[in-house]
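Contents: one structure, followed by commentary.
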Amino acid sequence: MKNQPKTSIFVVGCPRSGTTLLQSLLAAHPQILSFPESKFFHYLVPLYEPRRRAWGLVSRQFKPRLNKFFQEDLGRSELLLGWPKLPLQQQYTRKFIQILDQLTQEQGKTIWVEKTPEHIYYVDDIVKLVPHSRFIHIIRNGADVIASLYQVTREHPRLWKGAWSLEFCIERWIQAIEISRRYLHQPRHCMVRYEQLVENPALELPKLCQFMGVDFQPRMLQDYQVAAQQVTLAVEPWKVAATKPIAKAESEKFYQVFDATQREYILQRVSGVSLEEFQS
């Protein structure tokens, strides 16, 4: 078919690293479709159910999440019909990819971008289940990410399954960076620094477009605010920054959220994690 999707892109990274802004910039391209976070593989792969994972079965938490995504987030309950009867990861993934391709084709586009930060922990599973997938990793300064995680989980504990401890925030950032490091210089993976993206998006976006196989469109720098409204939900107020003009990366939140003792501890913990390799 003429408009059959040809590229599947997954945007991954530690939560609060700028994934929504990046997604919105990409979704502003006329050939690219994106949508709210599906968390598909986060619920598909039963990390805490080893027997089901070994058998290739989906998680017990998967069906409710699938219903929410298609019925509530997308408003397309008809897409819940025709799913495989056997709860096998491979079959469910095939159906999911077919639906994303269908949605992309409906709008006359050729690429879809799925953004779920937590999918960084499932990269190997996605590669196995989606053979032609590509990944864009976003990397952000540790102090800023940790401050943002610490704050947002306290402001919206119910939506983040409780307020995260400082140690948990630190570990999540370190773990995400180390996972991305494994895929440095691999052809199906592209790295982008958040600080460089907000400092000069007109320089960084053409590189990302080249990775995805499309021409850079200057309108992406204007239309991303509209795209941001289409890929975020009303229950995600922490993502509102993506609908505003791009601001340079600042570190004020780090000093506002933490006291001197906490700041010293955080800087000591993140000092051993180099980000120089991720410079574009």
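Following the order of the structure tokens, first chain is A, next is B, and so on, with residues numbered from 1 inside each chain and ligands from 1 in the order they appear.
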Which residues of stretch 16-37 of chain A sit at most 9 Å from stretch 108-123 of chain A, using only C-alpha atoms? Give each one's shortest atom pair and distance in Å (one decimal place), in chain and ascending residue order, as CSV.
```
residue,atom,partner,partner_atom,distance
A:Arg16,CA,A:Pro117,CA,8.5
A:Ser17,CA,A:Pro117,CA,8.6
A:Thr19,CA,A:Pro117,CA,6.9
A:Thr20,CA,A:Lys115,CA,7.6
A:Gln23,CA,A:Lys115,CA,6.6
A:Leu26,CA,A:Val113,CA,7.8
A:Ala27,CA,A:Val113,CA,7.4
A:Pro30,CA,A:Lys109,CA,7.2
A:Gln31,CA,A:Lys109,CA,4.6
A:Ile32,CA,A:Ile111,CA,4.8
A:Leu33,CA,A:Trp112,CA,4.7
A:Ser34,CA,A:Val113,CA,5.0
A:Phe35,CA,A:Glu114,CA,7.0
A:Pro36,CA,A:Lys115,CA,7.5
A:Glu37,CA,A:Thr116,CA,5.1
```
Using only C-alpha atoms, find each residue in stretch 93-185 of chain A having at least one atom no more than 9 Å away from stretch 235-244 of chain A; report its shortest atom-to-atom pair and that distance in Å (one decimal), rows by chain then rising number, as CSV.
```
residue,atom,partner,partner_atom,distance
A:Val152,CA,A:Trp238,CA,7.1
A:His156,CA,A:Trp238,CA,8.9
A:Leu159,CA,A:Val235,CA,8.3
```
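For the residues A:Ser148, A:Thr7, A:Gln210, A:Gln175, ranking by smallest atom-to-atom distance to A:Thr104 using only C-alpha atoms places A:Thr7 first.
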Could you list, as a short mmCIF file (atom, residue, chain, number, x, y, z; two decimals) with N, CA, C and O atoms, in the first residue's frame, every residue within 12 Å of stretch 73-87 of chain A, counting only C-alpha atoms and ignoring same-chain residues fewer than 5 positions away?
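Heads up, here's the output in selection01.cif:
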```cif
data_model
loop_
_atom_site.label_atom_id
_atom_site.label_comp_id
_atom_site.auth_asym_id
_atom_site.auth_seq_id
_atom_site.Cartn_x
_atom_site.Cartn_y
_atom_site.Cartn_z
N SER A 34 1.97 10.15 16.42
CA SER A 34 2.26 9.69 17.78
C SER A 34 0.99 9.79 18.60
O SER A 34 -0.04 10.28 18.12
N PHE A 35 1.05 9.33 19.85
CA PHE A 35 -0.16 9.19 20.67
C PHE A 35 0.27 9.14 22.13
O PHE A 35 1.48 9.08 22.43
N PRO A 36 -0.67 9.18 23.07
CA PRO A 36 -0.30 9.10 24.49
C PRO A 36 0.47 7.82 24.80
O PRO A 36 0.42 6.84 24.04
N GLU A 37 1.17 7.83 25.91
CA GLU A 37 1.98 6.66 26.29
C GLU A 37 1.11 5.41 26.36
O GLU A 37 0.09 5.38 27.04
N SER A 38 1.55 4.38 25.68
CA SER A 38 0.79 3.12 25.71
C SER A 38 1.19 2.24 26.89
O SER A 38 0.39 1.45 27.38
N LYS A 39 2.45 2.36 27.33
CA LYS A 39 3.00 1.48 28.38
C LYS A 39 2.80 0.01 28.01
O LYS A 39 2.72 -0.87 28.88
N LEU A 44 2.95 -5.73 29.17
CA LEU A 44 2.94 -6.99 28.42
C LEU A 44 3.90 -8.00 29.03
O LEU A 44 3.55 -9.17 29.24
N VAL A 45 5.12 -7.57 29.30
CA VAL A 45 6.17 -8.48 29.76
C VAL A 45 6.09 -8.62 31.28
O VAL A 45 6.27 -7.65 32.02
N PRO A 46 5.83 -9.82 31.77
CA PRO A 46 5.62 -10.02 33.22
C PRO A 46 6.94 -10.15 33.99
O PRO A 46 7.36 -11.26 34.34
N ARG A 52 5.41 -17.02 33.87
CA ARG A 52 4.69 -16.54 32.70
C ARG A 52 5.67 -15.95 31.67
O ARG A 52 5.48 -16.12 30.47
N ARG A 53 6.69 -15.28 32.16
CA ARG A 53 7.67 -14.71 31.23
C ARG A 53 8.41 -15.82 30.48
O ARG A 53 8.65 -15.73 29.28
N TRP A 55 7.35 -18.66 29.70
CA TRP A 55 6.44 -19.28 28.73
C TRP A 55 6.00 -18.33 27.63
O TRP A 55 5.23 -18.72 26.75
N GLY A 56 6.44 -17.08 27.70
CA GLY A 56 6.06 -16.10 26.69
C GLY A 56 4.64 -15.61 26.82
O GLY A 56 4.04 -15.13 25.85
N LEU A 57 4.07 -15.70 28.04
CA LEU A 57 2.71 -15.24 28.29
C LEU A 57 2.71 -13.77 28.72
O LEU A 57 3.68 -13.28 29.28
N VAL A 58 1.60 -13.10 28.49
CA VAL A 58 1.50 -11.71 28.90
C VAL A 58 1.25 -11.62 30.39
O VAL A 58 0.80 -12.57 31.02
N SER A 59 1.53 -10.46 30.96
CA SER A 59 1.31 -10.23 32.38
C SER A 59 -0.19 -10.26 32.71
O SER A 59 -1.04 -9.95 31.87
N ARG A 60 -0.50 -10.61 33.95
CA ARG A 60 -1.90 -10.59 34.40
C ARG A 60 -2.45 -9.16 34.45
O ARG A 60 -3.65 -8.97 34.46
N GLN A 61 -1.56 -8.17 34.51
CA GLN A 61 -1.99 -6.77 34.56
C GLN A 61 -2.25 -6.19 33.17
O GLN A 61 -2.67 -5.04 33.05
N PHE A 62 -2.03 -6.98 32.13
CA PHE A 62 -2.03 -6.44 30.78
C PHE A 62 -3.41 -6.04 30.26
O PHE A 62 -3.58 -4.95 29.71
N LYS A 63 -4.40 -6.91 30.41
CA LYS A 63 -5.72 -6.65 29.83
C LYS A 63 -6.33 -5.33 30.30
O LYS A 63 -6.82 -4.54 29.48
N PRO A 64 -6.34 -5.03 31.61
CA PRO A 64 -6.91 -3.74 32.05
C PRO A 64 -6.19 -2.54 31.44
O PRO A 64 -6.82 -1.54 31.08
N ARG A 65 -4.86 -2.63 31.31
CA ARG A 65 -4.11 -1.53 30.72
C ARG A 65 -4.44 -1.37 29.24
O ARG A 65 -4.59 -0.26 28.74
N LEU A 66 -4.58 -2.49 28.54
CA LEU A 66 -4.92 -2.45 27.12
C LEU A 66 -6.28 -1.77 26.92
O LEU A 66 -6.44 -0.92 26.04
N ASN A 67 -7.24 -2.13 27.76
CA ASN A 67 -8.58 -1.53 27.68
C ASN A 67 -8.51 -0.02 27.90
O ASN A 67 -9.16 0.75 27.19
N LYS A 68 -7.74 0.39 28.90
CA LYS A 68 -7.63 1.82 29.19
C LYS A 68 -7.01 2.58 28.02
O LYS A 68 -7.49 3.66 27.65
N TYR A 92 0.21 -10.93 20.76
CA TYR A 92 -0.33 -9.64 21.19
C TYR A 92 0.47 -8.48 20.61
O TYR A 92 -0.08 -7.46 20.22
N THR A 93 1.78 -8.66 20.55
CA THR A 93 2.62 -7.60 19.98
C THR A 93 2.33 -7.44 18.50
O THR A 93 2.23 -6.31 18.00
N ARG A 94 2.18 -8.54 17.79
CA ARG A 94 1.88 -8.47 16.35
C ARG A 94 0.57 -7.70 16.12
O ARG A 94 0.49 -6.85 15.23
N LYS A 95 -0.43 -7.97 16.95
CA LYS A 95 -1.70 -7.27 16.82
C LYS A 95 -1.55 -5.77 17.14
O LYS A 95 -2.10 -4.91 16.44
N PHE A 96 -0.80 -5.46 18.16
CA PHE A 96 -0.57 -4.06 18.55
C PHE A 96 0.12 -3.29 17.44
O PHE A 96 -0.29 -2.17 17.09
N ILE A 97 1.14 -3.86 16.86
CA ILE A 97 1.88 -3.20 15.78
C ILE A 97 0.97 -3.01 14.56
O ILE A 97 1.00 -1.97 13.90
N GLN A 98 0.15 -4.01 14.26
CA GLN A 98 -0.80 -3.88 13.15
C GLN A 98 -1.75 -2.70 13.37
O GLN A 98 -2.06 -1.95 12.44
N ILE A 99 -2.19 -2.52 14.61
CA ILE A 99 -3.11 -1.42 14.91
C ILE A 99 -2.41 -0.08 14.77
O ILE A 99 -2.96 0.87 14.18
N LEU A 100 -1.18 0.03 15.28
CA LEU A 100 -0.45 1.29 15.14
C LEU A 100 -0.18 1.60 13.67
O LEU A 100 -0.27 2.76 13.24
N GLN A 102 -2.11 0.65 11.24
CA GLN A 102 -3.42 1.02 10.69
C GLN A 102 -3.74 2.48 11.02
O GLN A 102 -4.19 3.24 10.15
N LEU A 103 -3.52 2.89 12.26
CA LEU A 103 -3.79 4.27 12.67
C LEU A 103 -2.92 5.25 11.88
O LEU A 103 -3.37 6.33 11.49
N GLN A 230 -1.91 16.71 21.74
CA GLN A 230 -2.49 15.48 21.20
C GLN A 230 -1.89 14.22 21.82
O GLN A 230 -2.50 13.16 21.77
N VAL A 231 -0.69 14.34 22.37
CA VAL A 231 -0.02 13.15 22.91
C VAL A 231 -0.01 13.12 24.43
O VAL A 231 0.56 12.20 25.03
N THR A 232 -0.63 14.11 25.07
CA THR A 232 -0.71 14.11 26.53
C THR A 232 -2.17 14.03 26.97
O THR A 232 -3.08 14.37 26.22
N LEU A 233 -2.36 13.59 28.19
CA LEU A 233 -3.70 13.41 28.75
C LEU A 233 -3.97 14.44 29.83
O LEU A 233 -3.04 14.98 30.45
N ALA A 234 -5.24 14.68 30.08
CA ALA A 234 -5.62 15.66 31.10
C ALA A 234 -5.12 15.26 32.48
O ALA A 234 -4.91 16.12 33.34
N VAL A 235 -4.91 13.97 32.71
CA VAL A 235 -4.46 13.50 34.02
C VAL A 235 -2.94 13.55 34.14
O VAL A 235 -2.38 13.00 35.10
N GLU A 236 -2.26 14.19 33.20
CA GLU A 236 -0.80 14.29 33.23
C GLU A 236 -0.37 15.77 33.25
O GLU A 236 0.30 16.24 32.34
#
```
Residue neighbourhood stretch 125-135 of chain A, 7 Å, only C-alpha atoms, exclusion window fewer than 2 positions, as a PDB file with N, CA, C and O atoms, in the first residue's frame:
```
ATOM      1  N   SER A   8       9.074   2.093  12.707  1.00  0.00           N
ATOM      2  CA  SER A   8       8.523   2.074  14.063  1.00  0.00           C
ATOM      3  C   SER A   8       9.582   2.646  14.999  1.00  0.00           C
ATOM      4  O   SER A   8      10.661   2.074  15.140  1.00  0.00           O
ATOM      5  N   ILE A   9       9.268   3.778  15.635  1.00  0.00           N
ATOM      6  CA  ILE A   9      10.230   4.463  16.494  1.00  0.00           C
ATOM      7  C   ILE A   9       9.752   4.410  17.940  1.00  0.00           C
ATOM      8  O   ILE A   9       8.596   4.703  18.237  1.00  0.00           O
ATOM      9  N   PHE A  10      10.664   4.067  18.842  1.00  0.00           N
ATOM     10  CA  PHE A  10      10.371   4.079  20.275  1.00  0.00           C
ATOM     11  C   PHE A  10      11.261   5.125  20.942  1.00  0.00           C
ATOM     12  O   PHE A  10      12.490   5.061  20.834  1.00  0.00           O
ATOM     13  N   VAL A  11      10.639   6.084  21.614  1.00  0.00           N
ATOM     14  CA  VAL A  11      11.373   7.081  22.390  1.00  0.00           C
ATOM     15  C   VAL A  11      11.445   6.598  23.828  1.00  0.00           C
ATOM     16  O   VAL A  11      10.408   6.329  24.452  1.00  0.00           O
ATOM     17  N   GLN A  90       4.092 -12.676  21.787  1.00  0.00           N
ATOM     18  CA  GLN A  90       4.384 -12.493  20.363  1.00  0.00           C
ATOM     19  C   GLN A  90       3.122 -12.155  19.576  1.00  0.00           C
ATOM     20  O   GLN A  90       3.104 -11.238  18.736  1.00  0.00           O
ATOM     21  N   THR A  93       1.778  -8.658  20.555  1.00  0.00           N
ATOM     22  CA  THR A  93       2.617  -7.604  19.984  1.00  0.00           C
ATOM     23  C   THR A  93       2.332  -7.437  18.500  1.00  0.00           C
ATOM     24  O   THR A  93       2.234  -6.311  18.002  1.00  0.00           O
ATOM     25  N   TYR A 122      12.822  -2.420  28.588  1.00  0.00           N
ATOM     26  CA  TYR A 122      12.300  -3.521  27.770  1.00  0.00           C
ATOM     27  C   TYR A 122      12.862  -3.486  26.351  1.00  0.00           C
ATOM     28  O   TYR A 122      12.284  -4.091  25.454  1.00  0.00           O
ATOM     29  N   VAL A 123      13.976  -2.792  26.170  1.00  0.00           N
ATOM     30  CA  VAL A 123      14.525  -2.639  24.817  1.00  0.00           C
ATOM     31  C   VAL A 123      14.792  -3.994  24.179  1.00  0.00           C
ATOM     32  O   VAL A 123      14.425  -4.240  23.019  1.00  0.00           O
ATOM     33  N   HIS A 137      16.993   7.511  22.321  1.00  0.00           N
ATOM     34  CA  HIS A 137      17.205   7.640  23.757  1.00  0.00           C
ATOM     35  C   HIS A 137      17.457   9.106  24.078  1.00  0.00           C
ATOM     36  O   HIS A 137      18.292   9.752  23.432  1.00  0.00           O
ATOM     37  N   ARG A 188      20.606   0.936  15.174  1.00  0.00           N
ATOM     38  CA  ARG A 188      19.163   1.116  15.390  1.00  0.00           C
ATOM     39  C   ARG A 188      18.858   2.002  16.587  1.00  0.00           C
ATOM     40  O   ARG A 188      17.717   2.137  16.991  1.00  0.00           O
ATOM     41  N   HIS A 189      19.902   2.635  17.127  1.00  0.00           N
ATOM     42  CA  HIS A 189      19.738   3.466  18.317  1.00  0.00           C
ATOM     43  C   HIS A 189      20.367   4.832  18.086  1.00  0.00           C
ATOM     44  O   HIS A 189      21.473   4.946  17.561  1.00  0.00           O
ATOM     45  N   CYS A 190      19.638   5.859  18.489  1.00  0.00           N
ATOM     46  CA  CYS A 190      20.110   7.235  18.353  1.00  0.00           C
ATOM     47  C   CYS A 190      20.020   7.909  19.721  1.00  0.00           C
ATOM     48  O   CYS A 190      19.008   7.766  20.418  1.00  0.00           O
TER      49      CYS A 190
END
```
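Across the structure, atom CA of A:Phe41 and atom CA of A:Glu276 are spaced 29.7 Å apart.
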Check your understanding: Mind checking DSSP for stretch 151-205 of chain A and telling me the alpha helix (DSSP H) residues as a PyMOL selection string?
Key -> chain A and resi 151-155+166-182+194-199+201-205
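Atom CA of A:Cys209 to atom CA of A:Val226 spans 19.1 Å [interatomic distance, one decimal].
Among the residues of stretch 59-120 of chain A, backbone DSSP assigns strand (DSSP E) to Ile111, Trp112, Val113, Glu114 and Lys115 of chain A.
Using only C-alpha atoms, the protein and nucleic acid residues lying no more than 10 Å from A:Arg219, apart from those fewer than 4 places from it along its own chain, are A:Leu25, A:Ala28, A:His29, A:Pro30, A:Asp223, A:Tyr224.
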Just to be explicit: take each residue in the selection above, keep C-alpha atoms, and write the result as a JSON list (two decimals), in the first residue's frame.
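Writing done, so here's result_0.json:
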```
[["chain", "number", "residue", "atom", "x", "y", "z"],
["A", 25, "LEU", "CA", 8.74, 17.79, 18.27],
["A", 28, "ALA", "CA", 4.91, 17.76, 14.56],
["A", 29, "HIS", "CA", 6.43, 16.26, 11.40],
["A", 30, "PRO", "CA", 3.76, 15.76, 8.70],
["A", 223, "ASP", "CA", 3.76, 22.91, 15.47],
["A", 224, "TYR", "CA", 5.16, 20.90, 18.38]]
```
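Nearest to A:Gln229 of all the residues A:Gly13, A:Glu264, A:Tyr150, A:Ser24 is A:Ser24, based on only C-alpha atoms.
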Practice item. Compile the contact shell of A:Leu197 as a PyMOL selection string: residues with an atom at most 10 Å away, counting only C-alpha atoms, same-chain residues fewer than 5 positions apart removed. Key: chain A and resi 18+21-22+138+192+202-205+246+248-249
Dump of all heavy atoms for the selected residues, as a CSV table (one decimal), in the first residue's frame:
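Result went into selection36.csv, see below:
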```
chain,number,residue,atom,x,y,z
A,18,GLY,N,12.6,14.7,29.5
A,18,GLY,CA,12.2,15.5,28.3
A,18,GLY,C,11.7,14.7,27.2
A,18,GLY,O,11.6,15.1,26.1
A,21,LEU,N,8.6,16.4,25.4
A,21,LEU,CA,9.0,17.4,24.5
A,21,LEU,C,9.6,16.8,23.2
A,21,LEU,O,9.2,17.3,22.1
A,21,LEU,CB,10.1,18.3,25.1
A,21,LEU,CG,10.7,19.4,24.2
A,21,LEU,CD1,9.6,20.4,23.7
A,21,LEU,CD2,11.8,20.2,24.9
A,22,LEU,N,10.5,15.9,23.3
A,22,LEU,CA,11.0,15.2,22.2
A,22,LEU,C,9.9,14.6,21.3
A,22,LEU,O,9.9,14.7,20.1
A,22,LEU,CB,12.1,14.2,22.6
A,22,LEU,CG,12.7,13.3,21.5
A,22,LEU,CD1,13.3,14.1,20.4
A,22,LEU,CD2,13.6,12.3,22.1
A,138,ILE,N,16.8,9.6,25.1
A,138,ILE,CA,17.0,11.0,25.5
A,138,ILE,C,17.8,11.0,26.8
A,138,ILE,O,17.4,10.2,27.8
A,138,ILE,CB,15.8,11.9,25.6
A,138,ILE,CG1,16.1,13.3,25.8
A,138,ILE,CG2,14.8,11.3,26.6
A,138,ILE,CD1,15.0,14.3,25.5
A,192,VAL,N,20.2,11.5,22.1
A,192,VAL,CA,20.1,12.9,22.0
A,192,VAL,C,20.1,13.4,23.5
A,192,VAL,O,19.5,12.9,24.4
A,192,VAL,CB,18.8,13.3,21.3
A,192,VAL,CG1,17.5,12.8,22.0
A,192,VAL,CG2,18.7,14.9,21.3
A,202,ALA,N,16.9,23.4,16.3
A,202,ALA,CA,17.1,23.5,14.8
A,202,ALA,C,18.3,22.7,14.4
A,202,ALA,O,18.4,22.4,13.2
A,202,ALA,CB,17.1,25.0,14.4
A,203,LEU,N,19.2,22.5,15.3
A,203,LEU,CA,20.4,21.7,15.0
A,203,LEU,C,20.2,20.2,15.2
A,203,LEU,O,20.7,19.4,14.5
A,203,LEU,CB,21.6,22.3,15.7
A,203,LEU,CG,23.0,21.5,15.5
A,203,LEU,CD1,23.5,21.7,14.1
A,203,LEU,CD2,24.0,22.1,16.5
A,204,GLU,N,19.5,19.9,16.3
A,204,GLU,CA,19.4,18.5,16.7
A,204,GLU,C,18.3,17.8,16.0
A,204,GLU,O,18.4,16.6,15.6
A,204,GLU,CB,19.1,18.5,18.2
A,204,GLU,CG,20.2,19.0,19.1
A,204,GLU,CD,21.5,18.3,19.0
A,204,GLU,OE1,21.4,17.0,18.9
A,204,GLU,OE2,22.5,18.9,18.9
A,205,LEU,N,17.2,18.5,15.6
A,205,LEU,CA,16.1,17.8,14.9
A,205,LEU,C,16.5,17.2,13.6
A,205,LEU,O,16.1,16.1,13.2
A,205,LEU,CB,14.9,18.7,14.8
A,205,LEU,CG,14.1,18.9,16.1
A,205,LEU,CD1,13.0,19.9,15.9
A,205,LEU,CD2,13.5,17.6,16.6
A,246,ILE,N,9.9,26.5,24.1
A,246,ILE,CA,11.1,25.7,24.6
A,246,ILE,C,12.0,26.7,25.4
A,246,ILE,O,12.4,27.7,24.9
A,246,ILE,CB,11.9,25.1,23.4
A,246,ILE,CG1,11.0,24.1,22.7
A,246,ILE,CG2,13.2,24.4,23.9
A,246,ILE,CD1,11.7,23.5,21.5
A,248,LYS,N,15.5,27.1,27.9
A,248,LYS,CA,16.8,26.5,28.1
A,248,LYS,C,16.8,25.7,29.4
A,248,LYS,O,16.1,26.0,30.3
A,248,LYS,CB,17.9,27.6,28.2
A,248,LYS,CG,18.1,28.3,26.8
A,248,LYS,CD,19.3,29.3,27.0
A,248,LYS,CE,19.5,30.0,25.6
A,248,LYS,NZ,20.6,31.0,25.7
A,249,ALA,N,17.6,24.6,29.4
A,249,ALA,CA,17.7,23.8,30.5
A,249,ALA,C,18.3,24.5,31.7
A,249,ALA,O,19.3,25.2,31.7
A,249,ALA,CB,18.7,22.6,30.2
```
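The closest residue to A:Gln256, picked from A:Pro157, A:Ala163, A:Ala147, A:Gln105 and counting only C-alpha atoms, is A:Ala147.
Across the structure, atom CA of A:Asn141 and atom CA of A:Leu267 are spaced 10.7 Å apart.
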